[in-house]
$ cat start_24.txt   # compact mmCIF, C-alpha atoms and all ligand atoms
# COMPACT_ATOMS: atom_id res chain seq x y z
CA MET A 65 -33.55 25.36 -1.51
CA SER A 66 -32.45 22.29 0.49
CA LYS A 67 -33.08 18.78 -0.80
CA LYS A 68 -35.56 18.22 2.03
CA ALA A 69 -37.58 21.28 1.01
CA GLU A 70 -37.47 20.18 -2.66
CA LYS A 71 -39.12 16.91 -1.69
CA LYS A 72 -42.02 18.77 -0.10
CA LYS A 73 -43.00 20.52 -3.32
CA ILE A 74 -46.45 19.61 -4.54
CA LYS A 75 -46.63 17.82 -7.88
CA VAL A 76 -49.05 19.13 -10.48
CA ALA A 77 -50.01 17.51 -13.79
CA PHE A 78 -51.77 19.00 -16.80
CA PRO A 79 -53.10 16.89 -19.67
CA HIS A 80 -50.99 16.64 -22.82
CA MET A 81 -51.67 18.49 -26.05
CA GLY A 82 -48.73 18.37 -28.42
CA THR A 83 -45.64 19.87 -26.77
CA ILE A 84 -47.50 22.11 -24.32
CA SER A 85 -46.03 20.27 -21.30
CA TYR A 86 -42.68 22.05 -21.86
CA ALA A 87 -44.38 25.43 -21.37
CA TRP A 88 -46.50 24.65 -18.30
CA ALA A 89 -43.61 22.80 -16.68
CA TYR A 90 -41.52 25.97 -17.06
CA ALA A 91 -44.19 28.14 -15.36
CA LEU A 92 -44.81 25.68 -12.50
CA ARG A 93 -41.11 25.40 -11.68
CA LYS A 94 -40.87 29.18 -11.59
CA VAL A 95 -43.49 29.40 -8.82
CA GLY A 96 -41.92 26.59 -6.80
CA VAL A 97 -44.25 23.78 -7.83
CA GLU A 98 -43.02 20.48 -9.25
CA PRO A 99 -44.42 19.75 -12.69
CA PHE A 100 -45.51 16.15 -13.06
CA VAL A 101 -45.45 15.29 -16.75
CA PRO A 102 -47.60 12.20 -17.31
CA PRO A 103 -46.43 9.57 -19.82
CA TYR A 104 -47.02 10.91 -23.31
CA THR A 105 -50.49 9.98 -24.65
CA SER A 106 -50.44 6.40 -25.94
CA LYS A 107 -52.77 3.53 -26.76
CA LYS A 108 -52.79 2.71 -23.05
CA THR A 109 -53.93 6.28 -22.23
CA LEU A 110 -56.64 5.98 -24.83
CA SER A 111 -57.95 2.65 -23.55
CA LEU A 112 -58.01 3.97 -19.96
CA GLY A 113 -59.96 7.02 -21.10
CA VAL A 114 -62.37 5.05 -23.27
CA LYS A 115 -63.04 2.53 -20.50
CA HIS A 116 -64.18 5.21 -18.06
CA SER A 117 -65.93 7.68 -20.40
CA PRO A 118 -69.42 7.91 -21.87
CA GLU A 119 -69.23 6.36 -25.35
CA ALA A 120 -70.42 9.39 -27.30
CA ILE A 121 -68.23 11.99 -25.63
CA CYS A 122 -65.56 13.57 -27.83
CA LEU A 123 -62.07 12.10 -28.16
CA PRO A 124 -60.18 14.90 -26.31
CA TYR A 125 -62.21 14.18 -23.15
CA LYS A 126 -61.25 10.50 -23.25
CA LEU A 127 -57.56 11.26 -23.75
CA ILE A 128 -57.49 13.92 -21.03
CA LEU A 129 -59.14 11.52 -18.57
CA GLY A 130 -56.57 8.87 -19.55
CA ASN A 131 -53.72 11.37 -18.96
CA PHE A 132 -55.09 12.17 -15.50
CA ILE A 133 -55.44 8.51 -14.53
CA GLU A 134 -51.85 7.85 -15.58
CA ALA A 135 -50.66 10.98 -13.75
CA ILE A 136 -52.40 9.98 -10.51
CA ASP A 137 -51.12 6.40 -10.79
CA GLY A 138 -47.65 7.91 -11.27
CA GLY A 139 -47.91 9.94 -8.05
CA THR A 140 -49.08 13.48 -8.85
CA ASP A 141 -50.76 15.44 -6.06
CA TYR A 142 -52.89 17.65 -8.30
CA VAL A 143 -54.45 17.33 -11.72
CA ALA A 144 -55.07 20.66 -13.43
CA MET A 145 -57.80 21.10 -16.00
CA LEU A 146 -58.39 24.00 -18.38
CA SER A 147 -61.99 25.11 -18.15
CA SER A 148 -64.10 27.31 -20.35
CA PRO A 149 -67.54 28.81 -20.24
CA GLY A 150 -67.85 27.60 -23.87
CA ILE A 151 -71.02 26.85 -25.76
CA CYS A 152 -69.84 23.30 -26.51
CA ARG A 153 -69.16 20.41 -24.12
CA LEU A 154 -65.83 21.85 -23.03
CA GLY A 155 -67.84 23.88 -20.50
CA GLU A 156 -68.89 20.60 -18.82
CA TYR A 157 -65.60 18.71 -19.15
CA GLY A 158 -64.18 19.93 -15.84
CA SER A 159 -67.00 18.76 -13.57
CA CYS A 160 -67.44 15.50 -15.56
CA ILE A 161 -63.74 14.62 -15.23
CA LYS A 162 -63.70 15.58 -11.56
CA ASN A 163 -66.70 13.31 -10.88
CA ALA A 164 -65.30 10.48 -13.00
CA LEU A 165 -62.02 10.51 -11.02
CA LYS A 166 -63.93 10.58 -7.72
CA ASP A 167 -66.14 7.67 -8.80
CA LEU A 168 -63.03 5.70 -9.74
CA GLY A 169 -61.64 6.28 -6.25
CA TYR A 170 -58.77 8.60 -7.20
CA GLU A 171 -57.74 10.85 -4.38
CA ALA A 172 -55.72 13.51 -6.25
CA ASN A 173 -56.72 17.13 -5.82
CA TYR A 174 -58.47 18.64 -8.79
CA ILE A 175 -57.81 22.25 -9.78
CA GLU A 176 -59.19 24.35 -12.65
CA LEU A 177 -57.43 26.95 -14.72
CA ARG A 178 -59.98 29.36 -16.15
CA LEU A 179 -57.94 30.29 -19.18
CA TYR A 180 -60.74 32.27 -20.77
CA ASP A 181 -60.50 34.75 -17.86
CA GLY A 182 -57.17 35.77 -19.38
CA ILE A 183 -54.32 36.97 -17.16
CA LYS A 184 -56.74 37.16 -14.21
CA GLY A 185 -57.49 33.42 -14.58
CA LEU A 186 -53.78 32.57 -14.66
CA PHE A 187 -53.06 34.66 -11.57
CA SER A 188 -55.88 33.14 -9.53
CA PHE A 189 -54.77 29.64 -10.60
CA LEU A 190 -51.20 30.25 -9.40
CA LYS A 191 -52.47 31.89 -6.22
CA GLU A 192 -54.73 28.94 -5.42
CA LEU A 193 -52.01 26.43 -6.21
CA THR A 194 -49.21 28.03 -4.23
CA GLY A 195 -51.33 29.57 -1.47
CA LYS A 196 -49.34 32.80 -1.98
CA ASN A 197 -49.92 36.12 -3.67
CA ARG A 198 -46.66 36.95 -5.48
CA PRO A 199 -47.60 39.17 -8.47
CA ILE A 200 -44.00 39.76 -9.64
CA LEU A 201 -43.09 36.06 -9.48
CA PHE A 202 -46.34 35.07 -11.21
CA THR A 203 -45.82 37.69 -13.94
CA ARG A 204 -42.33 36.32 -14.61
CA ALA A 205 -43.65 32.75 -14.74
CA ILE A 206 -46.46 33.72 -17.14
CA ILE A 207 -44.17 35.72 -19.44
CA GLY A 208 -41.69 32.82 -19.57
CA MET A 209 -44.48 30.36 -20.30
CA ILE A 210 -45.81 32.54 -23.13
CA LYS A 211 -42.30 32.83 -24.60
CA ALA A 212 -41.90 29.04 -24.40
CA VAL A 213 -45.23 28.54 -26.22
CA PHE A 214 -44.21 30.88 -29.05
CA LEU A 215 -40.82 29.21 -29.30
CA LEU A 216 -42.37 25.73 -29.49
CA ASP A 217 -44.75 26.83 -32.23
CA ASP A 218 -41.94 28.47 -34.20
CA MET A 219 -39.85 25.30 -33.91
CA GLU A 220 -42.75 23.26 -35.22
CA LYS A 221 -43.13 25.61 -38.20
CA LEU A 222 -39.45 25.11 -39.01
CA LEU A 223 -39.91 21.34 -38.69
CA PHE A 224 -42.75 21.44 -41.24
CA TYR A 225 -40.60 23.39 -43.70
CA TYR A 226 -37.64 21.03 -43.40
CA SER A 227 -39.52 17.72 -43.25
CA ALA A 228 -41.24 18.46 -46.60
CA ARG A 229 -37.81 18.95 -48.22
CA GLU A 230 -35.43 16.72 -46.26
CA ILE A 231 -33.09 14.44 -48.18
CA THR A 232 -32.97 11.67 -45.55
CA PRO A 233 -36.47 10.71 -44.35
CA GLY A 234 -36.95 11.38 -40.63
CA ASP A 235 -33.87 13.65 -40.35
CA ALA A 236 -35.76 16.87 -39.53
CA GLU A 237 -37.89 15.08 -36.95
CA LYS A 238 -34.82 13.66 -35.24
CA ARG A 239 -33.24 17.10 -35.02
CA TYR A 240 -36.52 18.63 -33.83
CA LYS A 241 -36.72 16.08 -30.98
CA LYS A 242 -33.20 17.00 -29.95
CA ALA A 243 -34.11 20.72 -30.17
CA LEU A 244 -37.07 20.12 -27.82
CA THR A 245 -34.69 18.99 -25.08
CA TYR A 246 -33.14 22.50 -25.07
CA VAL A 247 -36.56 23.98 -24.24
CA ARG A 248 -37.28 21.23 -21.70
CA ASP A 249 -34.08 22.06 -19.82
CA ALA A 250 -34.57 25.85 -19.79
CA ARG A 251 -35.10 27.30 -16.30
CA THR A 252 -34.84 31.05 -16.95
CA GLN A 253 -35.77 33.44 -19.76
CA LYS A 254 -32.07 33.68 -20.58
CA ASP A 255 -32.02 29.87 -20.97
CA LEU A 256 -35.05 30.11 -23.25
CA LYS A 257 -33.24 32.65 -25.44
CA MET A 258 -30.26 30.31 -25.68
CA ALA A 259 -32.54 27.33 -26.31
CA LYS A 260 -34.12 29.20 -29.23
CA LYS A 261 -30.76 29.86 -30.84
CA LYS A 262 -29.60 26.26 -30.45
CA ALA A 263 -32.95 24.73 -31.45
CA PHE A 264 -33.24 26.78 -34.66
CA ALA A 265 -29.64 26.00 -35.60
CA GLU A 266 -30.23 22.29 -35.00
CA ILE A 267 -33.35 22.07 -37.19
CA LYS A 268 -31.91 24.33 -39.90
CA ALA A 269 -28.92 21.99 -40.23
CA THR A 270 -31.20 19.40 -41.91
CA PRO A 271 -29.91 18.78 -45.48
CA ILE A 272 -32.75 19.56 -47.91
CA ASP A 273 -33.60 19.48 -51.59
CA LYS A 274 -34.55 23.10 -52.30
CA ASN A 275 -35.90 22.25 -55.75
CA ARG A 276 -38.45 19.69 -54.58
CA GLU A 277 -42.02 20.32 -55.77
CA VAL A 278 -43.67 21.03 -52.42
CA LEU A 279 -47.39 21.38 -51.79
CA TYR A 280 -48.71 23.87 -49.23
CA VAL A 281 -51.60 22.74 -47.05
CA ASP A 282 -53.31 24.33 -44.04
CA ILE A 283 -54.64 22.16 -41.25
CA THR A 284 -57.63 23.50 -39.40
CA GLY A 285 -60.22 21.93 -37.10
CA GLU A 286 -60.78 21.48 -33.39
CA ILE A 287 -57.72 22.88 -31.59
CA TYR A 288 -56.91 19.83 -29.45
CA ILE A 289 -56.93 17.46 -32.42
CA VAL A 290 -54.99 19.88 -34.61
CA CYS A 291 -52.25 20.31 -31.98
CA ASP A 292 -52.06 16.80 -30.55
CA GLU A 293 -50.06 14.38 -32.69
CA PHE A 294 -51.40 11.25 -31.00
CA SER A 295 -55.03 12.10 -31.70
CA ASN A 296 -54.38 13.37 -35.24
CA GLN A 297 -52.21 10.31 -35.95
CA ASP A 298 -49.27 12.55 -36.68
CA ILE A 299 -50.85 14.08 -39.75
CA ALA A 300 -48.10 16.68 -40.21
CA ARG A 301 -45.37 14.03 -40.28
CA GLU A 302 -47.33 11.84 -42.70
CA LEU A 303 -47.86 14.78 -45.04
CA GLY A 304 -44.23 15.85 -44.71
CA LYS A 305 -43.20 12.41 -45.99
CA MET A 306 -45.37 13.09 -49.06
CA GLY A 307 -43.62 16.42 -49.76
CA VAL A 308 -46.30 18.60 -48.19
CA GLN A 309 -45.49 21.61 -46.02
CA VAL A 310 -48.29 22.07 -43.53
CA ARG A 311 -49.36 25.09 -41.55
CA LYS A 312 -51.49 24.58 -38.48
CA THR A 313 -54.01 27.38 -38.33
CA LEU A 314 -54.86 26.70 -34.68
CA THR A 315 -51.92 26.81 -32.33
CA VAL A 316 -51.50 27.53 -28.64
CA SER A 317 -49.66 30.76 -29.49
CA SER A 318 -52.50 32.01 -31.69
CA PHE A 319 -54.96 31.12 -28.93
CA LEU A 320 -52.86 33.03 -26.37
CA LYS A 321 -52.80 36.09 -28.63
CA ASP A 322 -56.58 36.21 -28.50
CA ALA A 323 -57.20 35.05 -24.94
CA ILE A 324 -54.27 36.16 -22.80
CA ILE A 325 -51.92 38.70 -24.38
CA PRO A 326 -53.05 42.30 -23.81
CA LYS A 327 -53.95 44.22 -27.00
CA ILE A 328 -51.02 46.64 -26.74
CA PHE A 329 -48.53 43.76 -27.06
CA ARG A 330 -50.16 42.12 -30.09
CA LYS A 331 -48.87 42.64 -33.60
CA GLY A 332 -51.17 42.41 -36.63
CA GLU A 333 -54.56 40.77 -36.95
CA THR A 334 -55.23 37.89 -34.53
CA HIS A 335 -56.82 34.62 -35.57
CA LEU A 336 -60.13 35.53 -33.96
CA GLN A 337 -60.16 38.97 -35.56
CA ARG A 338 -59.55 37.34 -38.96
CA ALA A 339 -62.22 34.77 -38.20
CA ASN A 340 -64.76 37.51 -37.54
CA ARG A 341 -63.77 39.25 -40.78
CA LEU A 342 -63.73 36.24 -43.13
CA ALA A 343 -66.30 33.80 -41.71
CA LYS A 344 -69.25 36.21 -41.72
CA PRO A 345 -70.60 35.49 -45.25
CA PHE A 346 -70.91 31.81 -44.26
CA LEU A 347 -71.37 31.76 -40.47
CA MET A 348 -72.87 34.71 -38.66
CA ARG A 349 -71.87 34.01 -35.07
CA ASP A 350 -69.77 31.92 -32.74
CA ILE A 351 -71.38 28.52 -32.32
CA GLY A 352 -68.77 27.13 -29.93
CA GLY A 353 -65.47 25.30 -30.25
CA ASP A 354 -63.35 26.56 -33.13
CA SER A 355 -65.97 26.56 -35.86
CA LEU A 356 -65.81 30.29 -36.59
CA GLU A 357 -62.03 30.04 -36.99
CA CYS A 358 -62.31 26.89 -39.15
CA VAL A 359 -64.79 28.43 -41.58
CA SER A 360 -62.64 31.55 -41.88
CA ASP A 361 -59.51 29.39 -42.34
CA VAL A 362 -60.99 27.88 -45.49
CA ALA A 363 -61.69 31.36 -46.88
CA TYR A 364 -58.18 32.50 -45.88
CA ALA A 365 -56.52 29.47 -47.50
CA ASP A 366 -58.45 30.19 -50.71
CA GLU A 367 -57.47 33.87 -50.56
CA ARG A 368 -53.77 32.90 -50.38
CA GLY A 369 -54.09 30.44 -53.28
CA ILE A 370 -52.47 27.54 -51.44
CA ASP A 371 -52.89 23.95 -52.61
CA GLY A 372 -55.49 22.70 -50.12
CA ILE A 373 -56.87 22.62 -46.62
CA ILE A 374 -57.59 19.73 -44.26
CA HIS A 375 -60.25 20.02 -41.60
CA ILE A 376 -59.79 17.57 -38.76
CA SER A 377 -62.24 17.07 -35.92
CA PRO A 378 -63.28 14.58 -33.25
CA PHE A 379 -66.28 12.37 -33.88
CA THR A 380 -69.44 13.89 -32.26
CA CYS A 381 -67.87 17.37 -31.97
CA MET A 382 -70.94 19.54 -32.52
CA PRO A 383 -69.25 22.82 -33.57
CA GLU A 384 -67.08 21.01 -36.13
CA ILE A 385 -70.04 19.03 -37.50
CA MET A 386 -71.53 22.46 -38.23
CA SER A 387 -68.31 23.66 -39.93
CA GLN A 388 -68.19 20.57 -42.14
CA ASN A 389 -71.78 21.21 -43.19
CA ILE A 390 -70.90 24.74 -44.23
CA PHE A 391 -67.98 23.67 -46.47
CA PRO A 392 -70.14 22.41 -49.40
CA ASN A 393 -71.75 25.84 -49.52
CA MET A 394 -68.34 27.53 -49.45
CA ARG A 395 -67.12 25.38 -52.36
CA GLU A 396 -69.65 27.16 -54.62
CA ASN A 397 -67.80 30.45 -54.14
CA LEU A 398 -64.25 29.33 -53.41
CA ASP A 399 -61.79 27.27 -55.39
CA ILE A 400 -59.75 25.22 -52.93
CA PRO A 401 -59.64 21.45 -52.30
CA ILE A 402 -60.93 20.65 -48.78
CA LEU A 403 -60.47 17.31 -47.05
CA PRO A 404 -62.65 16.78 -43.96
CA LEU A 405 -61.39 14.10 -41.55
CA ILE A 406 -63.18 12.81 -38.46
CA MET A 407 -61.15 11.11 -35.75
CA ASP A 408 -62.18 8.74 -33.01
CA GLU A 409 -60.69 5.79 -31.16
CA GLN A 410 -61.68 3.49 -34.04
CA THR A 411 -59.85 5.41 -36.77
CA GLY A 412 -57.44 2.99 -38.47
CA LYS A 413 -54.07 4.19 -39.74
CA ALA A 414 -54.07 2.44 -43.14
CA GLY A 415 -57.39 3.89 -44.35
CA TYR A 416 -56.38 7.30 -43.01
CA ILE A 417 -53.09 7.30 -44.93
CA THR A 418 -54.89 6.21 -48.10
CA ARG A 419 -57.20 9.23 -47.82
CA LEU A 420 -54.23 11.56 -47.32
CA GLU A 421 -52.40 10.05 -50.30
CA ALA A 422 -55.46 10.44 -52.54
CA PHE A 423 -55.83 14.08 -51.45
CA VAL A 424 -52.15 14.82 -52.07
CA ASP A 425 -52.42 13.19 -55.49
CA LEU A 426 -55.43 15.34 -56.35
CA MET A 427 -53.68 18.54 -55.24
CA ARG A 428 -50.50 17.66 -57.14
CA ARG A 429 -52.38 17.00 -60.39
CA ARG A 430 -54.38 20.21 -59.93
CA LYS A 431 -51.20 22.21 -59.35
CA ARG A 432 -49.47 20.76 -62.43
CA ARG A 433 -52.54 21.32 -64.60
CA ARG A 434 -52.78 24.94 -63.45
CA LYS A 435 -49.09 25.50 -64.09
CA SER A 436 -49.24 24.07 -67.61
CA GLU A 437 -52.35 26.19 -68.36
CA ALA A 438 -50.54 29.29 -67.06
CA ASP A 439 -47.44 28.44 -69.17
CA LYS A 440 -49.64 27.97 -72.25
CA ASN A 441 -51.31 31.36 -71.69
CA VAL A 442 -47.92 33.07 -71.38
CA ALA A 443 -46.72 31.36 -74.60
CA GLU A 444 -49.86 32.45 -76.49
CA THR A 445 -49.57 36.05 -75.25
CA THR A 446 -45.88 36.14 -76.24
CA GLN A 447 -46.76 34.85 -79.74
CA LYS A 448 -49.42 37.57 -80.17
CA VAL A 449 -46.98 40.30 -79.09
CA ASP A 450 -44.30 38.94 -81.52
S1 LIG A 501 -64.93 21.70 -29.49
FE1 LIG A 501 -65.75 19.68 -29.96
S2 LIG A 501 -64.22 18.24 -29.28
FE2 LIG A 501 -63.74 20.19 -28.31
S3 LIG A 501 -64.85 20.06 -26.38
FE3 LIG A 501 -66.23 21.06 -27.79
S4 LIG A 501 -67.50 19.40 -28.60
FE4 LIG A 501 -65.70 18.45 -27.64
$ encode --input "start_24.txt" --output "C-alpha cells" --more "lines below"
Ligand code: SF4
Amino acid sequence: MSKKAEKKKIKVAFPHMGTISYAWAYALRKVGVEPFVPPYTSKKTLSLGVKHSPEAICLPYKLILGNFIEAIDGGTDYVAMLSSPGICRLGEYGSCIKNALKDLGYEANYIELRLYDGIKGLFSFLKELTGKNRPILFTRAIIGMIKAVFLLDDMEKLLFYYSAREITPGDAEKRYKKALTYVRDARTQKDLKMAKKKAFAEIKATPIDKNREVLYVDITGEIYIVCDEFSNQDIARELGKMGVQVRKTLTVSSFLKDAIIPKIFRKGETHLQRANRLAKPFLMRDIGGDSLECVSDVAYADERGIDGIIHISPFTCMPEIMSQNIFPNMRENLDIPILPLIMDEQTGKAGYITRLEAFVDLMRRRKRRRKSEADKNVAETTQKVD
C-alpha cells in the first residue's frame, strides 16, 4: 500500500484494560484499519473521567470515558466500545458514554462491538468499520487476535511466577515489559509464534530463588478491575514484592473461551461452566457482572487448598456487592482466608498496601502453623509405629 493510501486509513481506539490494546491493535491492522492506542490510563485519564461522569457510577465507566476523551484529543476518528445486554450497568454504558461525548462536543464516531454476540458480533463490527464483507480476512484477524490474547495472559502468568521468586526486585517486570514489545510488533501469526518464543525466553531468564517460601493467592472480582493494573493499583506487582504468586481468575482469555471460541475448540471446563457447578450452593443464578464466577472462585480456591483469595471490585458495583455479602456465609463451610477490597478514585495507596501486608502476614502465619501441626502429626504417627 502506498504512503498516501496509508494516511487515509481510519483510526480506531478502544479503551484500555491491562494489555488488551496489543490484541485489538493486531486485529485492526489486519483488516486495514489504523489502531489508535490512547495514552495508558493515568491520573489525568481518571480526573477527566471523574469530571464528566455521574458521581455514583462505577470506576470502569469513568476510566473508559477518560480513555475516549484522551483518544479523541489525540486524533482518533472512531472510539469503539464493548457493549453487553448485561443485567448490570454495563448494558447502559454504551449509550451513556456516547451521550456524554456528544454533550462535551466531541465529534468522533462512536461504534459498538457486541462481544456477547460471539463471532457474529465480531464479524458485524469489522464489517461496519471497514464497510466491506471479507469473511476470510476477518477470520484471520479474529484468530490472530485470540492467539495474541492467550499469549498475553500466558506471559502474565509467567511474570507472576517469576516476580514472587526474583532475586533482584523488579527484574521480572523489566523483562516482561521488554517481552511485551515482541507482541506489539507482531504483524502476522508467524510473528506471534516467534514473539511467544522470545517473550517466554526473556521472562524465564529472570534469576530466582527456588527455595523461597511463596504464598499462592487467587485474585477474583469484577473483570475490568482484576485485569487493569491502574484501577487495581497494580495489586499483582505489590503482592509479588511480598513473595506472593497470584493467579487472576478472570482474564480476557477465559472470557473468550466462554463467549467467543466455539465449543469444539475448547479444552476442559470453562470458567463459566465451573462457576455454574461450584457457585450453586451459595448463589442460584446469574445476577450480572462476574458475581457467579467470583462466588465459585472462592469455592474453587478452597478446593485447591491455596493460601487465600482476594476479591476486588469497584465501589457501587451491584453484582460484586452481592458477592461480598455471600462470602460471610461461605466462610461457615469453607476454610480459606478472603480479603474483599473495594476500589474507587479515592482509594489511597498507603492504606491499601497496609491491608495487603496484613493479609499476607495472616496467610503466612496460618501456613506455618498448619505445616508445624502436620509435621507434629507425622512425628506422633511415626513414634506409634516404632
Ligand atoms: S459489573 Fe459492576 S463495575 Fe462492571 S459495569 Fe457492572 S456494575 Fe459496573
$ atom_distance --input "start_24.txt" --atom1 "CA of Pro401 (chain A)" --atom2 "CA of Asn296 (chain A)"
19.6 Å
$ atom_distance --input "start_24.txt" --atom1 "CA of Arg419 (chain A)" --atom2 "CA of His335 (chain A)"
28.2 Å
$ closest_residue --input "start_24.txt" --among "A:Lys260, A:Asp322, A:Ile121, A:Arg349" --to "Gln337 (chain A)" --atoms "all atoms listed in the file"
A:Asp322
$ closest_residue --input "start_24.txt" --among "A:Lys221, A:Lys94, A:Arg430, A:Lys413" --to "Arg311 (chain A)" --atoms "all atoms listed in the file"
A:Lys221
$ atom_distance --input "start_24.txt" --atom1 "CA of Glu119 (chain A)" --atom2 "atom FE2 of ligand LIG 501 (chain A)"
15.2 Å
$ residues_near_ligand --input "start_24.txt" --ligand "ligand LIG 501 (chain A)" --cutoff "8 Å" --atoms "all atoms listed in the file" --output "PyMOL selection string"
chain A and resi 121-125+150-155+157+286-289+352-354+377-384
$ closest_residue --input "start_24.txt" --among "A:Ser148, A:Thr334, A:Ser117, A:Ser227" --to "Ile267 (chain A)" --atoms "all atoms listed in the file"
A:Ser227
$ residues_around --input "start_24.txt" --residues "Asp273 (chain A)" --least-positions-apart "6" --cutoff "8 Å" --atoms "only C-alpha atoms" --output "mmCIF file with C-alpha atoms, keeping the file's coordinate frame"
data_model
loop_
_atom_site.group_PDB
_atom_site.id
_atom_site.type_symbol
_atom_site.label_atom_id
_atom_site.label_comp_id
_atom_site.auth_asym_id
_atom_site.auth_seq_id
_atom_site.Cartn_x
_atom_site.Cartn_y
_atom_site.Cartn_z
ATOM 1 C CA ARG A 229 -37.810 18.950 -48.220
ATOM 2 C CA GLU A 230 -35.430 16.720 -46.260
ATOM 3 C CA ILE A 231 -33.090 14.440 -48.180
#
$ residues_around --input "start_24.txt" --residues "Pro103 (chain A)" --least-positions-apart "5" --cutoff "8 Å" --atoms "all atoms listed in the file" --output "ChimeraX atom specification"
/A:131,134-135
$ closest_residue --input "start_24.txt" --among "A:Lys312, A:Lys327, A:Arg276, A:Lys72" --to "Glu357 (chain A)" --atoms "only C-alpha atoms"
A:Lys312
$ closest_residue --input "start_24.txt" --among "A:Ile74, A:Leu347, A:Val278, A:Val316" --to "Asp292 (chain A)" --atoms "all atoms listed in the file"
A:Val316
